[in-house]
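Printed here is work.tsv (TSV, C-alpha atoms):
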```tsv
chain	number	residue	atom	x	y	z
A	277	MET	CA	-4.01	-19.84	3.40
A	278	ASP	CA	-2.48	-18.33	0.27
A	279	ASP	CA	-1.95	-20.37	-2.87
A	280	ASP	CA	1.58	-19.09	-3.38
A	281	SER	CA	4.41	-21.08	-1.80
A	282	LYS	CA	6.53	-18.05	-0.90
A	283	PRO	CA	5.39	-16.25	2.26
A	284	ARG	CA	4.37	-12.64	1.79
A	285	LYS	CA	6.45	-9.99	3.46
A	286	SER	CA	4.78	-8.22	6.36
A	287	PHE	CA	5.38	-4.56	7.12
A	288	ALA	CA	4.71	-4.11	10.85
A	289	GLY	CA	4.33	-0.75	12.56
A	290	GLU	CA	3.31	2.81	11.84
A	291	PHE	CA	5.76	5.62	11.21
A	292	ARG	CA	5.53	9.38	10.68
A	293	HIS	CA	7.73	11.08	8.12
A	294	SER	CA	7.60	14.19	5.98
A	295	LEU	CA	7.59	14.31	2.22
A	296	ASP	CA	10.48	16.40	0.97
A	297	GLU	CA	10.23	18.91	-1.91
A	298	LYS	CA	10.75	16.08	-4.43
A	299	ASN	CA	7.93	13.94	-2.94
A	300	ARG	CA	10.43	11.49	-1.47
A	301	ILE	CA	9.62	9.45	1.60
A	302	THR	CA	12.09	7.37	3.56
A	303	ILE	CA	10.98	3.78	3.95
A	304	PRO	CA	11.61	2.58	7.52
A	305	ARG	CA	14.89	0.65	7.77
A	306	ARG	CA	13.27	-2.55	9.01
A	307	TRP	CA	10.92	-2.56	6.02
A	308	ARG	CA	13.65	-2.49	3.38
A	309	GLY	CA	16.52	-4.59	2.13
A	310	ASP	CA	20.11	-3.48	1.74
A	311	GLU	CA	19.72	-2.38	-1.87
A	312	GLY	CA	17.05	-0.36	-3.65
A	313	GLU	CA	13.76	-2.14	-4.16
A	314	GLU	CA	11.12	-1.99	-6.87
A	315	PHE	CA	7.54	-1.13	-5.93
A	316	ILE	CA	4.16	-0.62	-7.55
A	317	ILE	CA	2.23	2.36	-6.18
A	318	VAL	CA	-1.56	2.61	-6.48
A	319	ALA	CA	-3.88	5.33	-5.19
A	320	GLU	CA	-6.67	3.95	-3.01
A	321	THR	CA	-9.12	6.78	-3.57
A	322	LYS	CA	-11.86	5.49	-1.25
A	323	GLN	CA	-9.53	5.43	1.77
A	324	GLN	CA	-7.47	8.36	0.44
A	325	CYS	CA	-4.04	6.74	0.73
A	326	LEU	CA	-1.34	5.25	-1.47
A	327	VAL	CA	-0.83	1.49	-1.44
A	328	VAL	CA	2.78	0.40	-2.01
A	329	LEU	CA	3.28	-3.20	-3.13
A	330	SER	CA	6.15	-5.32	-4.35
A	331	PRO	CA	5.82	-6.33	-8.02
A	332	GLU	CA	5.20	-9.90	-6.80
A	333	GLU	CA	2.33	-8.81	-4.56
A	334	PHE	CA	0.86	-6.72	-7.37
A	335	ALA	CA	1.00	-9.76	-9.69
A	336	ARG	CA	-0.52	-11.98	-6.98
A	337	LEU	CA	-3.51	-9.63	-6.57
A	338	SER	CA	-4.05	-9.51	-10.32
A	339	ALA	CA	-3.89	-13.31	-10.56
A	340	GLN	CA	-6.29	-13.61	-7.63
A	341	ALA	CA	-8.83	-11.42	-9.42
A	342	GLU	CA	-8.38	-13.41	-12.64
A	343	SER	CA	-8.99	-16.77	-10.93
A	344	ASP	CA	-11.90	-15.69	-8.71
A	345	PRO	CA	-15.06	-17.43	-9.96
A	346	LYS	CA	-17.20	-14.49	-8.80
A	347	ILE	CA	-15.43	-12.21	-11.29
A	348	SER	CA	-16.40	-12.62	-14.93
A	349	ALA	CA	-13.85	-12.47	-17.74
A	350	THR	CA	-15.25	-9.10	-18.81
A	351	GLU	CA	-15.05	-7.73	-15.26
A	352	PHE	CA	-11.49	-8.96	-14.96
A	353	ARG	CA	-10.45	-7.29	-18.24
A	354	VAL	CA	-11.92	-3.98	-17.08
A	355	PHE	CA	-10.40	-4.32	-13.61
A	356	SER	CA	-7.00	-5.29	-14.99
A	357	ARG	CA	-6.96	-2.41	-17.48
A	358	GLN	CA	-7.96	0.09	-14.78
A	359	LEU	CA	-5.55	-1.32	-12.17
A	360	HIS	CA	-2.56	-1.23	-14.49
A	361	ALA	CA	-3.45	2.21	-15.83
A	362	ARG	CA	-3.69	3.64	-12.31
A	363	ALA	CA	-0.48	2.04	-11.05
A	364	GLU	CA	2.95	3.65	-11.11
A	365	HIS	CA	6.36	2.05	-10.83
A	366	GLY	CA	8.68	3.27	-8.10
A	367	ALA	CA	12.05	2.31	-6.71
A	368	SER	CA	13.82	3.16	-3.50
A	369	ASP	CA	17.34	4.54	-3.74
A	370	ARG	CA	20.31	3.30	-1.69
A	371	HIS	CA	19.16	5.54	1.19
A	372	GLY	CA	15.72	3.90	1.25
A	373	ARG	CA	13.91	6.90	-0.21
A	374	LEU	CA	10.96	6.32	-2.50
A	375	VAL	CA	9.80	9.03	-4.90
A	376	LEU	CA	6.01	9.28	-4.92
A	377	PRO	CA	4.41	10.39	-8.20
A	378	GLU	CA	3.04	13.92	-7.95
A	379	ALA	CA	-0.29	13.01	-9.58
A	380	LEU	CA	-0.92	10.22	-7.06
A	381	CYS	CA	0.03	12.49	-4.13
A	382	GLN	CA	-2.44	15.11	-5.33
A	383	GLN	CA	-5.15	12.48	-5.86
A	384	VAL	CA	-5.08	11.44	-2.17
A	385	GLY	CA	-3.95	14.72	-0.58
A	386	LEU	CA	-0.39	13.86	0.46
A	387	LYS	CA	1.80	16.78	1.44
A	388	GLY	CA	4.01	17.48	4.42
A	389	GLU	CA	3.71	14.98	7.25
A	390	VAL	CA	2.54	11.49	6.27
A	391	ALA	CA	1.97	8.22	8.06
A	392	LEU	CA	3.38	4.95	6.76
A	393	VAL	CA	1.15	2.11	7.92
A	394	GLY	CA	2.32	-1.49	7.72
A	395	GLY	CA	0.33	-4.36	6.34
A	396	ARG	CA	0.60	-7.86	5.00
A	397	GLY	CA	2.32	-7.74	1.63
A	398	ARG	CA	2.01	-3.98	1.37
A	399	PHE	CA	2.19	-0.72	3.21
A	400	GLU	CA	0.08	2.40	2.94
A	401	ILE	CA	1.03	6.07	2.91
A	402	TRP	CA	-1.56	8.41	4.41
A	403	ASN	CA	-1.98	12.10	5.06
A	404	SER	CA	-1.35	12.19	8.83
A	405	GLN	CA	-4.66	13.88	9.69
A	406	LYS	CA	-6.69	11.51	7.50
A	407	ARG	CA	-4.87	8.57	9.08
A	408	LYS	CA	-5.72	9.79	12.59
A	409	ARG	CA	-9.42	10.04	11.68
A	410	ALA	CA	-9.42	6.63	9.98
A	411	HIS	CA	-7.70	5.06	12.99
A	412	GLU	CA	-10.34	6.45	15.33
A	413	GLU	CA	-13.17	5.26	13.06
A	414	GLU	CA	-11.64	1.78	12.62
A	415	THR	CA	-10.79	1.07	16.27
A	416	PRO	CA	-14.21	-0.47	17.16
A	417	THR	CA	-13.89	-2.90	14.23
A	418	TYR	CA	-10.34	-3.79	15.27
A	419	GLN	CA	-11.49	-4.37	18.87
A	420	HIS	CA	-14.36	-6.58	17.71
A	421	VAL	CA	-12.13	-8.80	15.54
A	422	ALA	CA	-9.43	-8.93	18.24
A	423	ASN	CA	-12.04	-10.15	20.73
A	424	VAL	CA	-13.38	-12.73	18.27
A	425	ILE	CA	-9.92	-14.24	17.67
A	426	GLY	CA	-8.89	-14.02	21.33
A	427	LEU	CA	-6.21	-11.35	21.01
```
What do you get writing this file as C-alpha coordinates?
Amino acid sequence: MDDDSKPRKSFAGEFRHSLDEKNRITIPRRWRGDEGEEFIIVAETKQQCLVVLSPEEFARLSAQAESDPKISATEFRVFSRQLHARAEHGASDRHGRLVLPEALCQQVGLKGEVALVGGRGRFEIWNSQKRKRAHEEETPTYQHVANVIGL
(Lines of atoms letter the chains of each structure in order from A and count residues from 1; the text may use other names and numbers.)
(Lines give C-alpha, C1' and ligand atoms only; values in the text may rest on other atoms or scores of the structure.)
Protein backbone atom coordinates (compact mmCIF):
# COMPACT_ATOMS: atom_id res chain seq x y z
CA MET A 1 0.00 0.00 0.00
CA ASP A 2 1.23 3.50 -0.79
CA ASP A 3 2.27 5.92 1.92
CA ASP A 4 0.33 8.80 0.42
CA SER A 5 -3.26 9.29 1.57
CA LYS A 6 -4.59 10.42 -1.81
CA PRO A 7 -5.25 7.55 -4.24
CA ARG A 8 -3.26 7.65 -7.45
CA LYS A 9 -5.14 8.13 -10.67
CA SER A 10 -5.26 5.10 -12.94
CA PHE A 11 -5.22 5.38 -16.70
CA ALA A 12 -6.95 2.25 -18.05
CA GLY A 13 -6.86 1.14 -21.66
CA GLU A 14 -4.73 1.42 -24.76
CA PHE A 15 -5.39 3.86 -27.57
CA ARG A 16 -3.91 4.54 -31.01
CA HIS A 17 -3.48 8.09 -32.22
CA SER A 18 -1.23 9.96 -34.63
CA LEU A 19 1.16 12.72 -33.74
CA ASP A 20 0.38 15.82 -35.76
CA GLU A 21 3.01 18.07 -37.38
CA LYS A 22 3.47 19.93 -34.06
CA ASN A 23 4.05 16.69 -32.07
CA ARG A 24 0.65 17.00 -30.41
CA ILE A 25 -1.22 13.95 -29.17
CA THR A 26 -4.80 13.91 -27.98
CA ILE A 27 -5.17 12.45 -24.52
CA PRO A 28 -8.18 10.11 -24.38
CA ARG A 29 -11.25 11.88 -22.98
CA ARG A 30 -11.67 9.50 -20.05
CA TRP A 31 -8.08 10.13 -18.98
CA ARG A 32 -8.42 13.90 -18.67
CA GLY A 33 -10.29 16.48 -16.67
CA ASP A 34 -12.40 19.30 -18.05
CA GLU A 35 -9.56 21.83 -18.11
CA GLY A 36 -5.96 21.59 -19.26
CA GLU A 37 -3.68 19.55 -17.04
CA GLU A 38 -0.01 19.80 -16.16
CA PHE A 39 2.25 16.82 -16.81
CA ILE A 40 5.88 15.81 -16.47
CA ILE A 41 7.23 13.87 -19.47
CA VAL A 42 10.26 11.59 -19.17
CA ALA A 43 11.87 9.42 -21.85
CA GLU A 44 12.20 5.79 -20.78
CA THR A 45 15.09 4.90 -23.05
CA LYS A 46 15.31 1.21 -22.11
CA GLN A 47 11.69 0.55 -23.12
CA GLN A 48 11.78 3.25 -25.82
CA CYS A 49 8.66 5.13 -24.74
CA LEU A 50 7.66 8.37 -23.05
CA VAL A 51 6.28 8.24 -19.52
CA VAL A 52 3.70 10.94 -18.75
CA LEU A 53 3.09 11.67 -15.06
CA SER A 54 1.19 14.23 -13.05
CA PRO A 55 3.46 16.58 -11.07
CA GLU A 56 2.22 14.84 -7.91
CA GLU A 57 3.21 11.41 -9.21
CA PHE A 58 6.60 12.74 -10.29
CA ALA A 59 7.16 14.17 -6.79
CA ARG A 60 5.99 10.90 -5.20
CA LEU A 61 8.54 8.89 -7.20
CA SER A 62 11.32 11.28 -6.27
CA ALA A 63 10.36 11.12 -2.59
CA GLN A 64 10.21 7.33 -2.79
CA ALA A 65 13.77 7.21 -4.11
CA GLU A 66 14.92 9.63 -1.41
CA SER A 67 13.43 7.57 1.42
CA ASP A 68 14.46 4.12 0.14
CA PRO A 69 17.11 2.71 2.51
CA LYS A 70 18.73 0.78 -0.36
CA ILE A 71 19.58 4.07 -2.09
CA SER A 72 22.46 6.05 -0.63
CA ALA A 73 22.39 9.84 -0.33
CA THR A 74 24.97 10.09 -3.11
CA GLU A 75 22.96 7.78 -5.39
CA PHE A 76 19.83 9.80 -4.70
CA ARG A 77 21.56 13.10 -5.56
CA VAL A 78 22.79 11.66 -8.86
CA PHE A 79 19.40 10.09 -9.63
CA SER A 80 17.51 13.25 -8.73
CA ARG A 81 19.80 15.46 -10.84
CA GLN A 82 19.50 13.11 -13.83
CA LEU A 83 15.73 12.63 -13.45
CA HIS A 84 15.00 16.34 -13.27
CA ALA A 85 17.40 17.15 -16.11
CA ARG A 86 15.75 14.57 -18.38
CA ALA A 87 12.18 15.60 -17.55
CA GLU A 88 10.12 18.13 -19.49
CA HIS A 89 7.02 20.01 -18.42
CA GLY A 90 3.93 19.70 -20.58
CA ALA A 91 0.33 20.81 -20.42
CA SER A 92 -2.76 19.75 -22.29
CA ASP A 93 -4.83 22.44 -23.96
CA ARG A 94 -8.62 22.77 -23.66
CA HIS A 95 -8.99 20.16 -26.43
CA GLY A 96 -6.93 17.62 -24.48
CA ARG A 97 -3.90 17.84 -26.75
CA LEU A 98 -0.45 17.48 -25.24
CA VAL A 99 2.61 18.80 -27.07
CA LEU A 100 5.47 16.31 -26.86
CA PRO A 101 8.99 17.78 -26.87
CA GLU A 102 10.77 17.11 -30.16
CA ALA A 103 13.99 15.97 -28.47
CA LEU A 104 12.15 13.36 -26.39
CA CYS A 105 10.22 12.12 -29.44
CA GLN A 106 13.47 11.66 -31.35
CA GLN A 107 15.10 9.92 -28.38
CA VAL A 108 12.47 7.13 -28.35
CA GLY A 109 11.51 7.12 -32.05
CA LEU A 110 8.02 8.63 -31.92
CA LYS A 111 6.56 9.73 -35.23
CA GLY A 112 3.25 9.09 -36.94
CA GLU A 113 1.04 6.52 -35.25
CA VAL A 114 1.60 6.03 -31.52
CA ALA A 115 0.04 3.94 -28.79
CA LEU A 116 -1.04 5.45 -25.49
CA VAL A 117 -0.87 2.77 -22.81
CA GLY A 118 -2.55 3.26 -19.44
CA GLY A 119 -0.98 2.60 -16.10
CA ARG A 120 -1.25 3.35 -12.43
CA GLY A 121 -0.37 6.98 -11.86
CA ARG A 122 1.01 7.42 -15.35
CA PHE A 123 0.57 6.58 -18.98
CA GLU A 124 3.10 5.74 -21.65
CA ILE A 125 3.39 6.84 -25.27
CA TRP A 126 4.97 4.29 -27.60
CA ASN A 127 5.84 3.98 -31.26
CA SER A 128 3.04 1.64 -32.41
CA GLN A 129 5.38 -0.99 -33.86
CA LYS A 130 7.61 -1.04 -30.78
CA ARG A 131 4.52 -1.33 -28.60
CA LYS A 132 3.27 -4.32 -30.59
CA ARG A 133 6.62 -6.11 -30.16
CA ALA A 134 6.79 -5.26 -26.44
CA HIS A 135 3.23 -6.51 -25.93
CA GLU A 136 4.08 -9.83 -27.57
CA GLU A 137 7.26 -10.19 -25.50
CA GLU A 138 5.50 -9.27 -22.23
CA THR A 139 2.41 -11.46 -22.62
CA PRO A 140 3.96 -14.58 -20.97
CA THR A 141 4.92 -12.51 -17.91
CA TYR A 142 1.43 -11.02 -17.75
CA GLN A 143 -0.13 -14.49 -18.00
CA HIS A 144 2.12 -15.83 -15.25
CA VAL A 145 1.26 -13.01 -12.81
CA ALA A 146 -2.45 -13.20 -13.72
CA ASN A 147 -2.40 -16.93 -12.90
CA VAL A 148 -0.56 -16.33 -9.62
CA ILE A 149 -3.12 -13.76 -8.42
CA GLY A 150 -6.11 -15.73 -9.72
CA LEU A 151 -7.18 -13.38 -12.51
- Item | Atom pair CA of Cys325 (chain A) / CA of Phe355 (chain A): separation (Å) |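 About the pair CA of Cys325 (chain A) and CA of Phe355 (chain A): they are 19.2 Å apart.
Nearest to Val390 (chain A) of all the residues A:Arg292, A:Lys406, A:Lys298, A:His360 is A:Arg292, counting only C-alpha atoms.
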- Shell around Gly309 (chain A) at 9 Å using only C-alpha atoms, local window under 4 positions removed, as a list in words: Arg305, Glu313 and Gly372 of chain A
- Message: List as an MDAnalysis selection string the protein and nucleic acid residues near Leu326 (chain A), meaning an atom at most 8 Å away when all atoms listed in the file are counted, but skip any in the same chain fewer than 5 places from it.
- Response: chainID A and resid 317:320 380:381 384 400:402
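Of the listed residues (A:Gly395, A:Val327, A:Arg336, A:Ser343), A:Val327 comes nearest to Ala363 (chain A); the distances count all atoms listed in the file.
The spacing separating CA of Phe287 (chain A) from CA of Arg357 (chain A) amounts to 27.6 Å.
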- Query: CA of Val393 (chain A) and CA of Glu333 (chain A), how far apart in Å?
  - Reply: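 Here the two named atoms are 16.6 Å from each other.
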Using 4 Å of padding on each side, determine the axis-aligned box around all atoms of region 340-351 of chain A present in the file and give its centre and edge lengths in Å to one decimal, as JSON.
```
{"center_x": -11.7, "center_y": -12.6, "center_z": -13.2, "size_x": 18.9, "size_y": 17.7, "size_z": 19.2}
```
- Show which residues sit within 9 Å of region 284-286 of chain A, as a list in words. Count all atoms listed in the file, and ignore same-chain residues fewer than 6 positions away.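 That gives Trp307, Glu333, Gly394, Gly395, Arg396, Gly397, Arg398 and Phe399 of chain A.
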- May I ask which of the residues A:Pro331, A:Gln340, A:Gln323, A:Ser348 is the closest one to Glu414 (chain A), counting only C-alpha atoms? A:Gln323
Please provide the set of residues having any atom within 9 Å of Glu389 (chain A), restricted to only C-alpha atoms, with same-chain residues fewer than 3 positions apart removed, written as an mmCIF file with C-alpha atoms, in the frame of the given file.
```cif
data_model
loop_
_atom_site.group_PDB
_atom_site.id
_atom_site.type_symbol
_atom_site.label_atom_id
_atom_site.label_comp_id
_atom_site.auth_asym_id
_atom_site.auth_seq_id
_atom_site.Cartn_x
_atom_site.Cartn_y
_atom_site.Cartn_z
ATOM 1 C CA ARG A 292 5.530 9.380 10.680
ATOM 2 C CA HIS A 293 7.730 11.080 8.120
ATOM 3 C CA SER A 294 7.600 14.190 5.980
ATOM 4 C CA LEU A 295 7.590 14.310 2.220
ATOM 5 C CA LEU A 386 -0.390 13.860 0.460
ATOM 6 C CA TRP A 402 -1.560 8.410 4.410
ATOM 7 C CA ASN A 403 -1.980 12.100 5.060
ATOM 8 C CA SER A 404 -1.350 12.190 8.830
ATOM 9 C CA GLN A 405 -4.660 13.880 9.690
#
```
With N, CA and C atoms as the goal, would you fill in the gaps in region 385-414 of chain A and present it as a PDB file, in the frame of the given file?
```pdb
ATOM      1  N   GLY A 385      -4.222  13.637  -1.518  1.00  0.00           N
ATOM      2  CA  GLY A 385      -3.950  14.720  -0.580  1.00  0.00           C
ATOM      3  C   GLY A 385      -2.709  14.535   0.279  1.00  0.00           C
ATOM      4  N   LEU A 386      -1.635  14.021  -0.306  1.00  0.00           N
ATOM      5  CA  LEU A 386      -0.390  13.860   0.460  1.00  0.00           C
ATOM      6  C   LEU A 386       0.490  15.081   0.280  1.00  0.00           C
ATOM      7  N   LYS A 387       0.884  15.649   1.417  1.00  0.00           N
ATOM      8  CA  LYS A 387       1.800  16.780   1.440  1.00  0.00           C
ATOM      9  C   LYS A 387       2.264  16.932   2.872  1.00  0.00           C
ATOM     10  N   GLY A 388       3.507  17.291   3.065  1.00  0.00           N
ATOM     11  CA  GLY A 388       4.010  17.480   4.420  1.00  0.00           C
ATOM     12  C   GLY A 388       4.121  16.181   5.177  1.00  0.00           C
ATOM     13  N   GLU A 389       3.598  16.165   6.408  1.00  0.00           N
ATOM     14  CA  GLU A 389       3.710  14.980   7.250  1.00  0.00           C
ATOM     15  C   GLU A 389       2.766  13.878   6.784  1.00  0.00           C
ATOM     16  N   VAL A 390       3.312  12.664   6.688  1.00  0.00           N
ATOM     17  CA  VAL A 390       2.540  11.490   6.270  1.00  0.00           C
ATOM     18  C   VAL A 390       2.758  10.369   7.264  1.00  0.00           C
ATOM     19  N   ALA A 391       1.848   9.418   7.232  1.00  0.00           N
ATOM     20  CA  ALA A 391       1.970   8.220   8.060  1.00  0.00           C
ATOM     21  C   ALA A 391       2.156   7.021   7.151  1.00  0.00           C
ATOM     22  N   LEU A 392       3.165   6.209   7.455  1.00  0.00           N
ATOM     23  CA  LEU A 392       3.380   4.950   6.760  1.00  0.00           C
ATOM     24  C   LEU A 392       2.818   3.868   7.652  1.00  0.00           C
ATOM     25  N   VAL A 393       1.873   3.104   7.134  1.00  0.00           N
ATOM     26  CA  VAL A 393       1.150   2.110   7.920  1.00  0.00           C
ATOM     27  C   VAL A 393       1.434   0.729   7.337  1.00  0.00           C
ATOM     28  N   GLY A 394       1.961  -0.157   8.164  1.00  0.00           N
ATOM     29  CA  GLY A 394       2.320  -1.490   7.720  1.00  0.00           C
ATOM     30  C   GLY A 394       1.118  -2.357   7.416  1.00  0.00           C
ATOM     31  N   GLY A 395       1.366  -3.401   6.683  1.00  0.00           N
ATOM     32  CA  GLY A 395       0.330  -4.360   6.340  1.00  0.00           C
ATOM     33  C   GLY A 395       0.960  -5.628   5.805  1.00  0.00           C
ATOM     34  N   ARG A 396       0.139  -6.581   5.523  1.00  0.00           N
ATOM     35  CA  ARG A 396       0.600  -7.860   5.000  1.00  0.00           C
ATOM     36  C   ARG A 396       0.780  -7.770   3.483  1.00  0.00           C
ATOM     37  N   GLY A 397       2.025  -7.803   3.054  1.00  0.00           N
ATOM     38  CA  GLY A 397       2.320  -7.740   1.630  1.00  0.00           C
ATOM     39  C   GLY A 397       2.318  -6.354   1.039  1.00  0.00           C
ATOM     40  N   ARG A 398       2.091  -5.367   1.849  1.00  0.00           N
ATOM     41  CA  ARG A 398       2.010  -3.980   1.370  1.00  0.00           C
ATOM     42  C   ARG A 398       2.156  -3.017   2.531  1.00  0.00           C
ATOM     43  N   PHE A 399       2.365  -1.760   2.210  1.00  0.00           N
ATOM     44  CA  PHE A 399       2.190  -0.720   3.210  1.00  0.00           C
ATOM     45  C   PHE A 399       1.459   0.442   2.578  1.00  0.00           C
ATOM     46  N   GLU A 400       0.882   1.268   3.415  1.00  0.00           N
ATOM     47  CA  GLU A 400       0.080   2.400   2.940  1.00  0.00           C
ATOM     48  C   GLU A 400       0.735   3.698   3.390  1.00  0.00           C
ATOM     49  N   ILE A 401       0.533   4.734   2.584  1.00  0.00           N
ATOM     50  CA  ILE A 401       1.030   6.070   2.910  1.00  0.00           C
ATOM     51  C   ILE A 401      -0.185   6.987   2.961  1.00  0.00           C
ATOM     52  N   TRP A 402      -0.382   7.589   4.133  1.00  0.00           N
ATOM     53  CA  TRP A 402      -1.560   8.410   4.410  1.00  0.00           C
ATOM     54  C   TRP A 402      -1.160   9.843   4.746  1.00  0.00           C
ATOM     55  N   ASN A 403      -2.039  10.782   4.462  1.00  0.00           N
ATOM     56  CA  ASN A 403      -1.980  12.100   5.060  1.00  0.00           C
ATOM     57  C   ASN A 403      -2.162  11.881   6.557  1.00  0.00           C
ATOM     58  N   SER A 404      -1.320  12.471   7.390  1.00  0.00           N
ATOM     59  CA  SER A 404      -1.350  12.190   8.830  1.00  0.00           C
ATOM     60  C   SER A 404      -2.705  12.468   9.477  1.00  0.00           C
ATOM     61  N   GLN A 405      -3.360  13.550   9.093  1.00  0.00           N
ATOM     62  CA  GLN A 405      -4.660  13.880   9.690  1.00  0.00           C
ATOM     63  C   GLN A 405      -5.737  12.887   9.256  1.00  0.00           C
ATOM     64  N   LYS A 406      -5.722  12.501   7.986  1.00  0.00           N
ATOM     65  CA  LYS A 406      -6.690  11.510   7.500  1.00  0.00           C
ATOM     66  C   LYS A 406      -6.449  10.161   8.189  1.00  0.00           C
ATOM     67  N   ARG A 407      -5.192   9.829   8.407  1.00  0.00           N
ATOM     68  CA  ARG A 407      -4.870   8.570   9.080  1.00  0.00           C
ATOM     69  C   ARG A 407      -5.395   8.583  10.515  1.00  0.00           C
ATOM     70  N   LYS A 408      -5.236   9.693  11.211  1.00  0.00           N
ATOM     71  CA  LYS A 408      -5.720   9.790  12.590  1.00  0.00           C
ATOM     72  C   LYS A 408      -7.232   9.577  12.642  1.00  0.00           C
ATOM     73  N   ARG A 409      -7.965  10.214  11.726  1.00  0.00           N
ATOM     74  CA  ARG A 409      -9.420  10.040  11.680  1.00  0.00           C
ATOM     75  C   ARG A 409      -9.801   8.603  11.347  1.00  0.00           C
ATOM     76  N   ALA A 410      -9.124   8.006  10.357  1.00  0.00           N
ATOM     77  CA  ALA A 410      -9.420   6.630   9.980  1.00  0.00           C
ATOM     78  C   ALA A 410      -9.136   5.677  11.133  1.00  0.00           C
ATOM     79  N   HIS A 411      -8.043   5.904  11.841  1.00  0.00           N
ATOM     80  CA  HIS A 411      -7.700   5.060  12.990  1.00  0.00           C
ATOM     81  C   HIS A 411      -8.804   5.108  14.047  1.00  0.00           C
ATOM     82  N   GLU A 412      -9.276   6.298  14.343  1.00  0.00           N
ATOM     83  CA  GLU A 412     -10.340   6.450  15.330  1.00  0.00           C
ATOM     84  C   GLU A 412     -11.621   5.749  14.870  1.00  0.00           C
ATOM     85  N   GLU A 413     -11.964   5.887  13.591  1.00  0.00           N
ATOM     86  CA  GLU A 413     -13.170   5.260  13.060  1.00  0.00           C
ATOM     87  C   GLU A 413     -13.052   3.739  13.016  1.00  0.00           C
ATOM     88  N   GLU A 414     -11.850   3.221  12.782  1.00  0.00           N
ATOM     89  CA  GLU A 414     -11.640   1.780  12.620  1.00  0.00           C
ATOM     90  C   GLU A 414     -11.403   1.035  13.927  1.00  0.00           C
TER      91      GLU A 414
END
```
